[in-house]
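Presented below is the structure to which this report refers.
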Amino acid sequence: MTRFTRATRISAIEISEIMQLTEKAAGLKVAGRDVVALTTGEPDFPTPDHVVEAAHQAALAGKTKYPATLGTAELRAAIAAANGVTAAEVIVTTGAKQVLANAMLASLDPGHEVIMPAPFWTSYADIVLMAGGTPVILPCGADLGFKLSPEALEAAITPQTRWLMLNSPSNPSGAIYSAAEIKGLAEVLARHPQVWVLSDEIYEHLSYVPFVPFTMAAPALKDRTLVVNGVSKSYAMTGWRIGWGVGPAELIKAMGAVQGQITSGACSIAQAAALAALTGDQALLDERRAVMLARRDRMVAGLNAMPGVTCPVPDGAFYVFPDLSEAIEKGGFASDAELCAWLLDEAGVAIVPGRAFGLPGHARISFAYAETDLIKGLRRMHAALETRLAVTL
Ligand code: PMP
């Protein structure tokens, strides 16, 4: 029998730890366990009615044929207008994730390096690896506000560096770069014209302090910046799979060449829905942000009341990223992953270890869940840690 062997470039890649834990929690629930899963980055709100209605109408109107590879003219025009660019600088993709994949496949050759501050969203490193590049991970702990400094960036750049991947507001830390911080990084990048910037702004509308778009603070870098955005988080449309990239036309064209050979373009009906989301009533963004802000404050307070846990206040997105190193040490755990596995077994609470985001000793807890689940999760975690730390001290 012929054994299957993986391609070298995907030998280290698995289904993300977030998905694995989510599936494990779901399996335990099916088996009758009372599990609170706080693992996924998915708003618990429904997709707005007018958006669903627009999809229905699009399907009835026969918008069911292959879409243009780079996106429908209407949606590209709306995104271009919102970003102050031409449609040639816009590509619509199957979820924001595909912007990243298209860009890396379109630009990386073996040996090319991609700098990413840690903690980073789990898929960043894997997408770079799949495209044959090398992730260069720069740890940025809570003492740095989970943000990259100009000095650390300068020290990491080599002639092989092709991209800097930034994510503000950040998944998982919630950190938001200020205009001054972006300018500091831009000054370094001005000296290294071979380095492009991928600015992932998908949590733009979930900011609890003023959000600064990268190109607004660093306009001089616009001709080498790719902005990533989409409807998944802001409009509760994760299942519709619509994202977009905004960047220089030559890059967009190359990304379109990749996309044309992989998906032929994003779902036509979902694009009509995304257009309705972008052009319809925006009041829901404020309403939902207010709900998330209240949840954030409850989570931060609840976590800081637990033994061995220190939780900084996130400025954006819908995650908290507490430091668990004291709980790990005093509880006799070998790692963040071991603590999280124990928490699931012992307390029926699923959270994702920091190692999945390149910064061990922490965990990511999503608060895009109903209040009742959050409170239940906090209570259980608190009780379990109190018992464990009291016993082992
Ligand atoms: N970027 C970040 C930072 C994310 O958190 C996510 C989703 N978890 C994505 C991109 C991908 O979004 P989408 O679901 O639209 O592919």
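Starting from 1 in every chain, residues are counted up; chains themselves are A, B, ... following the order of the structure tokens, and ligands are numbered from 1 as listed.
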Report as an NGL selection string: the residues of range 152-328 of chain A with a DSSP assignment of helix (DSSP H, G or I), based on the backbone of this structure. :A and (152-156 or 179-190 or 214-217 or 219-224 or 238-240 or 249-262 or 268-279 or 283-304 or 325-328)
Please produce a file of the residues just selected, as a short mmCIF file (atom, residue, chain, number, x, y, z; two decimals), in the first residue's frame, where the atoms kept are C-alpha atoms.
data_model
loop_
_atom_site.label_atom_id
_atom_site.label_comp_id
_atom_site.auth_asym_id
_atom_site.auth_seq_id
_atom_site.Cartn_x
_atom_site.Cartn_y
_atom_site.Cartn_z
CA ALA A 152 12.60 45.53 17.69
CA LEU A 153 11.33 45.95 14.13
CA GLU A 154 14.63 47.48 12.96
CA ALA A 155 16.60 44.65 14.53
CA ALA A 156 14.49 41.96 12.85
CA ALA A 179 -0.96 57.16 15.37
CA ALA A 180 2.38 57.89 17.08
CA GLU A 181 3.18 54.18 17.37
CA ILE A 182 2.37 53.59 13.69
CA LYS A 183 4.54 56.59 12.74
CA GLY A 184 7.41 55.11 14.76
CA LEU A 185 7.21 51.85 12.82
CA ALA A 186 6.78 53.74 9.53
CA GLU A 187 10.03 55.62 10.11
CA VAL A 188 11.87 52.32 10.30
CA LEU A 189 10.09 50.94 7.24
CA ALA A 190 10.97 54.06 5.23
CA PHE A 214 -2.51 52.30 9.22
CA THR A 215 -2.58 54.26 5.95
CA MET A 216 -3.93 57.33 7.73
CA ALA A 217 -0.95 57.46 10.11
CA PRO A 219 0.34 57.66 4.11
CA ALA A 220 3.85 57.56 2.66
CA LEU A 221 3.74 53.75 2.85
CA LYS A 222 0.44 53.46 1.00
CA ASP A 223 2.15 52.16 -2.14
CA ARG A 224 3.33 49.10 -0.17
CA THR A 238 -18.64 34.77 9.80
CA GLY A 239 -20.47 32.11 7.79
CA TRP A 240 -20.94 34.26 4.69
CA ALA A 249 -3.15 47.62 -8.10
CA GLU A 250 -0.17 45.43 -9.10
CA LEU A 251 -0.42 43.45 -5.87
CA ILE A 252 -4.22 43.17 -6.19
CA LYS A 253 -3.78 41.89 -9.75
CA ALA A 254 -1.34 39.20 -8.60
CA MET A 255 -3.68 38.23 -5.76
CA GLY A 256 -6.49 37.99 -8.32
CA ALA A 257 -4.38 35.60 -10.41
CA VAL A 258 -4.01 33.35 -7.35
CA GLN A 259 -7.68 33.60 -6.42
CA GLY A 260 -8.81 32.90 -9.98
CA GLN A 261 -7.05 29.54 -9.81
CA ILE A 262 -8.36 28.63 -6.35
CA SER A 268 -22.07 36.07 -5.49
CA ILE A 269 -24.99 35.94 -3.05
CA ALA A 270 -22.76 36.57 -0.04
CA GLN A 271 -21.25 39.57 -1.87
CA ALA A 272 -24.74 41.05 -2.30
CA ALA A 273 -25.27 40.54 1.42
CA ALA A 274 -21.94 42.22 2.26
CA LEU A 275 -22.91 45.19 0.08
CA ALA A 276 -26.15 45.56 2.05
CA ALA A 277 -24.16 45.43 5.30
CA LEU A 278 -21.75 48.14 4.15
CA THR A 279 -24.35 50.47 2.68
CA ALA A 283 -26.26 52.10 14.00
CA LEU A 284 -25.95 48.45 14.91
CA LEU A 285 -22.16 48.81 15.01
CA ASP A 286 -22.40 51.21 17.97
CA GLU A 287 -25.05 49.13 19.70
CA ARG A 288 -23.03 45.95 19.44
CA ARG A 289 -19.80 47.65 20.47
CA ALA A 290 -21.53 48.88 23.62
CA VAL A 291 -22.63 45.32 24.46
CA MET A 292 -19.08 44.05 23.92
CA LEU A 293 -17.61 46.84 26.06
CA ALA A 294 -19.80 45.87 29.01
CA ARG A 295 -18.76 42.25 28.59
CA ARG A 296 -15.11 43.22 28.39
CA ASP A 297 -15.25 45.06 31.70
CA ARG A 298 -16.99 42.13 33.38
CA MET A 299 -14.39 39.69 32.05
CA VAL A 300 -11.39 41.80 33.07
CA ALA A 301 -12.76 42.31 36.59
CA GLY A 302 -13.70 38.64 36.95
CA LEU A 303 -10.29 37.42 35.79
CA ASN A 304 -8.30 39.84 37.92
CA SER A 325 2.12 32.33 34.44
CA GLU A 326 1.57 32.57 38.19
CA ALA A 327 -1.35 30.12 38.07
CA ILE A 328 0.74 27.78 35.90
#
Taking the DSSP assignment computed from this structure's backbone, write out as a list in words all residues of range 211-353 of chain A that belong to strand (DSSP E).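 Output for range 211-353 of chain A, strand (DSSP E) only: Thr225, Leu226, Val227, Val228, Asn229, Gly230, Ile242, Gly243, Trp244, Gly245, Val246, Tyr319, Val320, Val349, Ala350, Val352 and Pro353 of chain A.
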Output C-alpha atoms of each residue in that selection to a file, as an mmCIF file, in the first residue's frame.
data_model
loop_
_atom_site.group_PDB
_atom_site.id
_atom_site.type_symbol
_atom_site.label_atom_id
_atom_site.label_comp_id
_atom_site.auth_asym_id
_atom_site.auth_seq_id
_atom_site.Cartn_x
_atom_site.Cartn_y
_atom_site.Cartn_z
ATOM 1 C CA THR A 225 0.493 48.550 2.273
ATOM 2 C CA LEU A 226 -2.237 45.936 1.994
ATOM 3 C CA VAL A 227 -5.215 46.572 4.277
ATOM 4 C CA VAL A 228 -7.282 43.545 5.292
ATOM 5 C CA ASN A 229 -10.907 43.906 6.316
ATOM 6 C CA GLY A 230 -14.263 42.173 6.029
ATOM 7 C CA ILE A 242 -16.624 37.737 2.652
ATOM 8 C CA GLY A 243 -13.460 39.743 3.224
ATOM 9 C CA TRP A 244 -11.418 42.166 1.149
ATOM 10 C CA GLY A 245 -7.971 43.534 0.556
ATOM 11 C CA VAL A 246 -7.147 47.140 -0.352
ATOM 12 C CA TYR A 319 -10.956 38.763 23.541
ATOM 13 C CA VAL A 320 -9.094 39.013 26.808
ATOM 14 C CA VAL A 349 -14.483 25.612 30.553
ATOM 15 C CA ALA A 350 -12.738 25.732 27.178
ATOM 16 C CA VAL A 352 -7.257 28.630 24.116
ATOM 17 C CA PRO A 353 -3.634 28.506 25.370
#
Set the distance at 9 Å and use only C-alpha atoms: which residues neighbour range 146-148 of chain A once local chain neighbours fewer than 2 positions away are removed? I'd like the list as JSON, numbers by chain. {"A": [116, 117, 118, 119, 138, 139, 140, 141, 142, 143, 144, 150, 151, 152, 153, 166, 170, 173, 174, 175, 176, 177, 181, 185]}
Please produce a file of those selected residues containing N, CA and C atoms, as a CSV table (one decimal), in the first residue's frame.
chain,number,residue,atom,x,y,z
A,116,MET,N,6.2,39.0,12.3
A,116,MET,CA,4.9,39.1,12.9
A,116,MET,C,5.1,39.3,14.5
A,117,PRO,N,4.6,40.4,15.1
A,117,PRO,CA,4.7,40.5,16.5
A,117,PRO,C,3.8,39.4,17.1
A,118,ALA,N,4.3,38.8,18.2
A,118,ALA,CA,3.5,37.8,19.0
A,118,ALA,C,3.0,38.5,20.2
A,119,PRO,N,1.7,38.3,20.7
A,119,PRO,CA,0.8,37.3,20.1
A,119,PRO,C,0.2,37.8,18.8
A,138,LEU,N,8.3,37.9,16.7
A,138,LEU,CA,8.9,38.8,17.7
A,138,LEU,C,7.9,38.9,18.9
A,139,PRO,N,8.3,38.3,20.0
A,139,PRO,CA,7.5,38.3,21.2
A,139,PRO,C,7.3,39.7,21.7
A,140,CYS,N,6.1,40.1,22.0
A,140,CYS,CA,5.8,41.5,22.5
A,140,CYS,C,4.8,41.2,23.7
A,141,GLY,N,5.3,41.2,24.9
A,141,GLY,CA,4.5,40.9,26.0
A,141,GLY,C,3.7,42.0,26.6
A,142,ALA,N,3.0,41.8,27.7
A,142,ALA,CA,2.1,42.8,28.3
A,142,ALA,C,2.9,44.0,28.6
A,143,ASP,N,4.2,43.9,29.0
A,143,ASP,CA,5.0,45.0,29.4
A,143,ASP,C,5.2,46.0,28.2
A,144,LEU,N,5.0,45.5,27.0
A,144,LEU,CA,5.1,46.3,25.8
A,144,LEU,C,3.7,46.7,25.3
A,150,PRO,N,9.7,50.2,17.4
A,150,PRO,CA,10.5,50.5,16.2
A,150,PRO,C,11.9,49.8,16.3
A,151,GLU,N,12.4,49.8,17.6
A,151,GLU,CA,13.8,49.2,17.7
A,151,GLU,C,13.7,47.7,17.4
A,152,ALA,N,12.7,47.0,17.9
A,152,ALA,CA,12.6,45.5,17.7
A,152,ALA,C,12.4,45.3,16.2
A,153,LEU,N,11.6,46.1,15.6
A,153,LEU,CA,11.3,46.0,14.1
A,153,LEU,C,12.6,46.1,13.4
A,166,LEU,N,0.8,43.3,10.7
A,166,LEU,CA,0.3,44.0,11.9
A,166,LEU,C,-1.2,43.7,12.0
A,170,SER,N,-5.9,44.0,17.9
A,170,SER,CA,-5.3,42.6,17.8
A,170,SER,C,-6.2,41.5,18.3
A,173,SER,N,-4.8,40.0,21.6
A,173,SER,CA,-4.5,40.9,22.8
A,173,SER,C,-5.4,42.1,22.9
A,174,GLY,N,-6.1,42.4,21.8
A,174,GLY,CA,-6.9,43.6,21.8
A,174,GLY,C,-6.2,44.9,21.7
A,175,ALA,N,-4.8,44.8,21.6
A,175,ALA,CA,-4.0,46.1,21.5
A,175,ALA,C,-4.3,46.9,20.2
A,176,ILE,N,-4.3,48.2,20.3
A,176,ILE,CA,-4.5,49.1,19.2
A,176,ILE,C,-3.3,50.0,19.1
A,177,TYR,N,-2.7,50.1,17.9
A,177,TYR,CA,-1.6,51.0,17.7
A,177,TYR,C,-2.1,52.4,17.6
A,181,GLU,N,2.5,55.5,17.4
A,181,GLU,CA,3.2,54.2,17.4
A,181,GLU,C,3.3,53.7,15.9
A,185,LEU,N,6.9,53.0,13.6
A,185,LEU,CA,7.2,51.9,12.8
A,185,LEU,C,7.5,52.3,11.4
Test item: residues lying within 10 Å of ligand 1 with only C-alpha atoms and all ligand atoms, as a short mmCIF file (atom, residue, chain, number, x, y, z; two decimals) with N, CA and C atoms, in the first residue's frame:
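Saved the output as pocket_32.cif:
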data_model
loop_
_atom_site.label_atom_id
_atom_site.label_comp_id
_atom_site.auth_asym_id
_atom_site.auth_seq_id
_atom_site.Cartn_x
_atom_site.Cartn_y
_atom_site.Cartn_z
N ILE A 18 -7.45 26.50 17.98
CA ILE A 18 -8.75 27.08 18.35
C ILE A 18 -9.86 26.13 17.89
N THR A 40 -14.16 30.59 20.44
CA THR A 40 -14.16 31.10 19.06
C THR A 40 -14.34 32.61 18.94
N GLY A 41 -13.79 33.13 17.86
CA GLY A 41 -13.89 34.55 17.55
C GLY A 41 -15.07 34.81 16.66
N GLU A 42 -16.23 34.56 17.20
CA GLU A 42 -17.44 34.68 16.38
C GLU A 42 -18.54 35.36 17.19
N THR A 93 -12.70 38.66 -1.32
CA THR A 93 -12.21 37.29 -1.12
C THR A 93 -13.18 36.46 -0.29
N THR A 94 -12.90 35.16 -0.21
CA THR A 94 -13.73 34.25 0.57
C THR A 94 -13.29 34.33 2.04
N GLY A 95 -13.78 35.35 2.72
CA GLY A 95 -13.34 35.62 4.09
C GLY A 95 -12.03 36.39 4.08
N ALA A 96 -11.80 37.16 5.14
CA ALA A 96 -10.56 37.93 5.24
C ALA A 96 -9.34 37.02 5.21
N LYS A 97 -9.52 35.81 5.69
CA LYS A 97 -8.42 34.85 5.71
C LYS A 97 -7.81 34.66 4.32
N GLN A 98 -8.67 34.72 3.31
CA GLN A 98 -8.14 34.49 1.96
C GLN A 98 -7.36 35.68 1.42
N VAL A 99 -7.56 36.85 2.00
CA VAL A 99 -6.70 37.98 1.61
C VAL A 99 -5.27 37.63 1.97
N LEU A 100 -5.12 37.12 3.19
CA LEU A 100 -3.77 36.76 3.67
C LEU A 100 -3.16 35.67 2.79
N PHE A 120 0.01 36.76 17.89
CA PHE A 120 -0.61 37.02 16.58
C PHE A 120 -1.75 36.02 16.39
N TRP A 121 -2.64 36.34 15.48
CA TRP A 121 -3.74 35.42 15.17
C TRP A 121 -3.13 34.14 14.60
N THR A 122 -3.57 33.00 15.13
CA THR A 122 -2.94 31.70 14.84
C THR A 122 -2.63 31.43 13.38
N SER A 123 -3.48 31.89 12.48
CA SER A 123 -3.29 31.52 11.07
C SER A 123 -2.12 32.24 10.39
N TYR A 124 -1.66 33.35 10.97
CA TYR A 124 -0.59 34.11 10.30
C TYR A 124 0.62 33.24 9.96
N LEU A 166 0.77 43.31 10.68
CA LEU A 166 0.26 43.98 11.87
C LEU A 166 -1.23 43.74 11.97
N ASN A 167 -1.73 43.69 13.20
CA ASN A 167 -3.16 43.46 13.41
C ASN A 167 -3.62 44.36 14.54
N SER A 168 -4.37 45.40 14.17
CA SER A 168 -4.83 46.39 15.14
C SER A 168 -6.27 46.76 14.82
N PRO A 169 -7.20 46.57 15.77
CA PRO A 169 -7.10 45.91 17.06
C PRO A 169 -6.68 44.44 16.91
N SER A 170 -5.94 43.97 17.89
CA SER A 170 -5.34 42.64 17.78
C SER A 170 -6.20 41.51 18.31
N ASN A 171 -6.19 40.43 17.55
CA ASN A 171 -6.63 39.13 18.05
C ASN A 171 -5.34 38.38 18.33
N PRO A 172 -4.99 38.06 19.55
CA PRO A 172 -5.84 37.95 20.72
C PRO A 172 -5.72 39.06 21.78
N GLY A 174 -6.10 42.45 21.81
CA GLY A 174 -6.95 43.64 21.82
C GLY A 174 -6.16 44.94 21.69
N SER A 199 -1.76 45.20 6.94
CA SER A 199 -2.43 45.75 8.12
C SER A 199 -3.83 45.15 8.21
N ASP A 200 -3.99 44.24 9.16
CA ASP A 200 -5.26 43.51 9.33
C ASP A 200 -6.14 44.33 10.28
N GLU A 201 -7.18 44.94 9.70
CA GLU A 201 -8.03 45.86 10.46
C GLU A 201 -9.44 45.31 10.61
N ILE A 202 -9.56 43.98 10.68
CA ILE A 202 -10.88 43.37 10.67
C ILE A 202 -11.70 43.69 11.93
N TYR A 203 -11.02 44.10 13.01
CA TYR A 203 -11.75 44.47 14.24
C TYR A 203 -11.94 45.98 14.36
N VAL A 228 -6.37 44.69 5.26
CA VAL A 228 -7.28 43.54 5.29
C VAL A 228 -8.51 43.93 6.11
N ASN A 229 -9.68 43.63 5.57
CA ASN A 229 -10.91 43.91 6.32
C ASN A 229 -11.99 42.95 5.85
N GLY A 230 -13.18 43.08 6.42
CA GLY A 230 -14.26 42.17 6.03
C GLY A 230 -15.49 42.36 6.90
N VAL A 231 -16.52 41.59 6.60
CA VAL A 231 -17.79 41.75 7.33
C VAL A 231 -17.96 40.73 8.47
N SER A 232 -17.05 39.76 8.57
CA SER A 232 -17.25 38.64 9.51
C SER A 232 -17.51 39.09 10.94
N LYS A 233 -16.66 39.99 11.44
CA LYS A 233 -16.74 40.34 12.87
C LYS A 233 -17.72 41.49 13.10
N SER A 234 -17.59 42.57 12.29
CA SER A 234 -18.40 43.77 12.52
C SER A 234 -19.88 43.50 12.34
N ALA A 236 -21.40 40.42 12.15
CA ALA A 236 -21.78 39.06 12.54
C ALA A 236 -22.08 38.21 11.30
N MET A 237 -21.10 38.13 10.41
CA MET A 237 -21.30 37.42 9.14
C MET A 237 -20.19 36.39 8.89
N THR A 238 -19.76 35.71 9.95
CA THR A 238 -18.64 34.77 9.80
C THR A 238 -18.91 33.67 8.76
N GLY A 239 -20.16 33.22 8.70
CA GLY A 239 -20.47 32.11 7.79
C GLY A 239 -20.63 32.52 6.34
N TRP A 240 -20.73 33.81 6.07
CA TRP A 240 -20.94 34.26 4.69
C TRP A 240 -19.64 34.27 3.90
N ARG A 241 -18.53 34.33 4.61
CA ARG A 241 -17.19 34.26 4.04
C ARG A 241 -16.90 35.37 3.04
N ILE A 242 -17.01 36.61 3.50
CA ILE A 242 -16.62 37.74 2.65
C ILE A 242 -15.62 38.64 3.38
N GLY A 243 -14.47 38.80 2.74
CA GLY A 243 -13.46 39.74 3.22
C GLY A 243 -12.94 40.51 2.03
N TRP A 244 -12.01 41.46 2.28
CA TRP A 244 -11.42 42.17 1.15
C TRP A 244 -10.03 42.70 1.50
N ALA A 317 -11.39 44.57 19.84
CA ALA A 317 -11.75 43.17 19.55
C ALA A 317 -12.60 42.58 20.68
N PHE A 318 -12.80 41.28 20.66
CA PHE A 318 -13.64 40.71 21.73
C PHE A 318 -12.98 39.52 22.43
N TYR A 319 -11.72 39.77 22.80
CA TYR A 319 -10.96 38.76 23.54
C TYR A 319 -10.25 39.42 24.72
#
Please, what distance in Å, to one decimal, runs between CA of Arg76 in chain A and CA of Gln194 in chain A? 27.9 Å
Please provide as a PyMOL selection string all residues within 10 Å of Ser11 in chain A, with the sequence filter that same-chain residues fewer than 5 positions apart are discarded (counting only C-alpha atoms). chain A and resi 5-6+129-130
Those same residues - N, CA and C atoms - I'd like them written as a PDB file, in the first residue's frame.
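Ended up saving to selection19.pdb:
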ATOM      1  N   THR A   5       2.314  10.892   1.989  1.00  0.00           N
ATOM      2  CA  THR A   5       3.269  11.789   2.650  1.00  0.00           C
ATOM      3  C   THR A   5       2.906  13.231   2.307  1.00  0.00           C
ATOM      4  N   ARG A   6       3.040  14.077   3.319  1.00  0.00           N
ATOM      5  CA  ARG A   6       2.692  15.485   3.121  1.00  0.00           C
ATOM      6  C   ARG A   6       3.779  16.245   2.396  1.00  0.00           C
ATOM      7  N   LEU A 129       3.879  29.765   6.185  1.00  0.00           N
ATOM      8  CA  LEU A 129       4.543  28.475   5.944  1.00  0.00           C
ATOM      9  C   LEU A 129       3.971  27.795   4.700  1.00  0.00           C
ATOM     10  N   MET A 130       2.649  27.811   4.564  1.00  0.00           N
ATOM     11  CA  MET A 130       2.023  27.173   3.410  1.00  0.00           C
ATOM     12  C   MET A 130       2.462  27.815   2.098  1.00  0.00           C
TER      13      MET A 130
END
Would you please work out which residue, of A:Gly265, A:Pro67, A:Gly27, A:Gly358, is nearest to Pro135 in chain A when using only C-alpha atoms? A:Gly358
Using only C-alpha atoms, determine which residues lie at most 7 Å from range 368-373 of chain A, disregarding the query and same-chain residues fewer than 2 positions distant; provide the list as number ranges by chain. A: 36, 41-44, 318, 366, 375-377
Between CA of Leu21 in chain A and CA of Leu344 in chain A, what is the distance, to one decimal in Å?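 One can read the CA of Leu21 in chain A to CA of Leu344 in chain A distance as 9.3 Å.
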So which one's closest to Ser264 in chain A, A:Arg33, A:Lys65, A:Arg380, A:His192? Using only C-alpha atoms, please.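 Residue with the minimum atom-to-atom distance to Ser264 in chain A: A:Lys65.
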Got a sec: who's within 6 Å of range 336-338 of chain A, counting only C-alpha atoms, leaving out chain neighbours fewer than 2 positions off, as a PyMOL selection string? chain A and resi 340-341+353+361
Could you take the residues named above and write them with N, CA and C atoms, as a tab-separated table (two decimals), in the first residue's frame?
chain	number	residue	atom	x	y	z
A	340	CYS	N	-4.95	24.75	30.41
A	340	CYS	CA	-6.21	24.84	29.66
A	340	CYS	C	-6.88	23.47	29.54
A	341	ALA	N	-6.08	22.42	29.33
A	341	ALA	CA	-6.65	21.07	29.22
A	341	ALA	C	-7.29	20.67	30.55
A	353	PRO	N	-4.93	28.14	24.81
A	353	PRO	CA	-3.63	28.51	25.37
A	353	PRO	C	-2.89	29.52	24.51
A	361	GLY	N	2.15	31.02	28.24
A	361	GLY	CA	1.98	31.60	29.58
A	361	GLY	C	0.70	32.40	29.70
Would you please work out which residue, of A:Ala356, A:Glu74, A:Ala305, A:Glu346, is nearest to Leu378 in chain A when using only C-alpha atoms?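 Checking each of A:Ala356, A:Glu74, A:Ala305, A:Glu346 against Leu378 in chain A, counting only C-alpha atoms, the winner is A:Ala305.
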